[in-house]
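This report refers to the structure that appears directly beneath it.
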Amino acid sequence: MQKKVLVFLPKKWFHSIRENKQTRYRKRSMAKIRRALISVSNKSGIVQFAGELSRRGIVILSTGGTAKILREAGLAITDVSEYTGFPEMMDGRVKTLHPKVHGGLLGLRNNPEHVQVMKKHGIEPIDMVVVNLYPFRETIARPGCAFEEAIENIDIGGPSMLRSAAKNFESVTVIVDPADYGAVLEEIQRDGEVSRKTNFRLAVKVYRATSEYDAAIADYLHTQYT
């Protein structure tokens with residue numbers, strides 16, 4: 001029977017190994033922005049923000065009304081439908097729910113298998129998502145709001161993109177609040193990238209925002225059901 005041999009390494013070796021891992025981790029913990037997807041209901045500040053991204057050579061994908069106002073401001077915009085090869089359909093209910101969008105958000109840049117699959121299917125990495133959600137709470141707060149109107153203001157694609165981007169925060173910067181435009185631009189202008197610390201903070205903010213959004217929908221539907 002073969003005996004197991006235990007090898008005890010000097011404590012300083014463990015520190016060295018851990019530091020090397022942390023160094024490698026830090027090297028891949030900055031998000032270089034090359035492609036951004038912008039689709040917002042609250043358009044406050046978006047023209048200025050997108051303009052700064054465009055001036056840095058960042059490709060901008062967009063949809064619907066957001067694409068319209070960005071084009072009117074003179075920015076070069078690629079429609080998501082052009083990128084995916086599928087038109088917006090069903091009165092806009094389906095436009096960003098596509099593998100070329102979510103694959104571009106969820107694909108791990110440091111995973112060779114993911115990278116190979118992305119290349120095979122023509123999926124480009126999407127490095128930034130700027131999305132804020134349909135105004136569901138504002139809609140139901142209006143006197144006389146019809147149930148059908150409330151239902152149409154339940155955002156599906158927006159939360160899906162936000163959650164996908166937030167899950168992959170190591171590589172994707174996700175913005176749900178216009179108040180964060182300035183801080184993100186400052187990092188991009190200073191470092192050319194967005195830090196892991198900022199990406200993580202923004203991801204936490206996304207999950208809080210989407211959970212509150214879903215809670216508002218659930219509360220409203222519960223009142224209609226009962």
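In the structure tokens, the first chain shown is A, the next is B, and so on; residue numbers restart at 1 for each chain, and ligands run from 1 in the order shown.
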
>> So that I can check the surroundings of range 188-199 of chain A, please list as JSON, numbers by chain every protein, DNA and RNA residue that reaches within 8 Å of it, counting only C-alpha atoms and ignoring chain neighbours fewer than 2 positions away.
In response: {"A": [29, 30, 31, 32, 33, 169, 170, 172, 173, 174, 184, 185, 186, 201, 202, 203]}

> Got a sec: who's within 12 Å of Ala179 in chain A, counting only C-alpha atoms, leaving out chain neighbours fewer than 3 positions off, as an MDAnalysis selection string?
Replying inline: chainID A and resid 42:46 49 130 132 175:176 182:185 202 205

>> Would you pick out the contacts of Lys167 in chain A at 10 Å or less, using only C-alpha atoms, so that residues sharing its chain but fewer than 4 positions from it are not included, and give the list as a list in words?
In response: Leu105, Leu106, Met161, Leu162, Arg163, Ser171, Val172, Val174, Phe200, Ala203, Val204, Val206 and Tyr207 of chain A

With C-alpha atoms kept, could you save the residues just selected as a PDB file, in the first residue's frame?
```pdb
ATOM      1  CA  LEU A 105     -22.839  40.002 -21.695  1.00  0.00           C
ATOM      2  CA  LEU A 106     -22.422  36.638 -19.977  1.00  0.00           C
ATOM      3  CA  MET A 161     -29.816  42.596 -19.504  1.00  0.00           C
ATOM      4  CA  LEU A 162     -29.083  44.255 -16.177  1.00  0.00           C
ATOM      5  CA  ARG A 163     -28.885  40.932 -14.363  1.00  0.00           C
ATOM      6  CA  SER A 171     -15.849  42.198 -17.421  1.00  0.00           C
ATOM      7  CA  VAL A 172     -19.007  44.287 -17.803  1.00  0.00           C
ATOM      8  CA  VAL A 174     -23.585  48.030 -15.764  1.00  0.00           C
ATOM      9  CA  PHE A 200     -18.961  45.465  -8.202  1.00  0.00           C
ATOM     10  CA  ALA A 203     -23.678  45.311  -9.870  1.00  0.00           C
ATOM     11  CA  VAL A 204     -24.939  45.365  -6.277  1.00  0.00           C
ATOM     12  CA  VAL A 206     -28.511  46.617 -10.087  1.00  0.00           C
ATOM     13  CA  TYR A 207     -29.693  43.656  -8.032  1.00  0.00           C
TER      14      TYR A 207
END
```

List the spatial neighbours of Ser39 in chain A as a compact mmCIF listing (two decimals) with C-alpha atoms, in the first residue's frame - criterion: any atom at most 7 Å away, only C-alpha atoms, same-chain residues fewer than 4 positions off excluded.
```txt
# COMPACT_ATOMS: atom_id res chain seq x y z
CA SER A 62 -29.23 50.93 -28.92
CA THR A 63 -32.97 50.45 -29.37
CA THR A 66 -33.02 55.89 -27.16
CA VAL A 130 -26.77 51.33 -19.62
CA VAL A 131 -30.40 50.51 -18.88
```
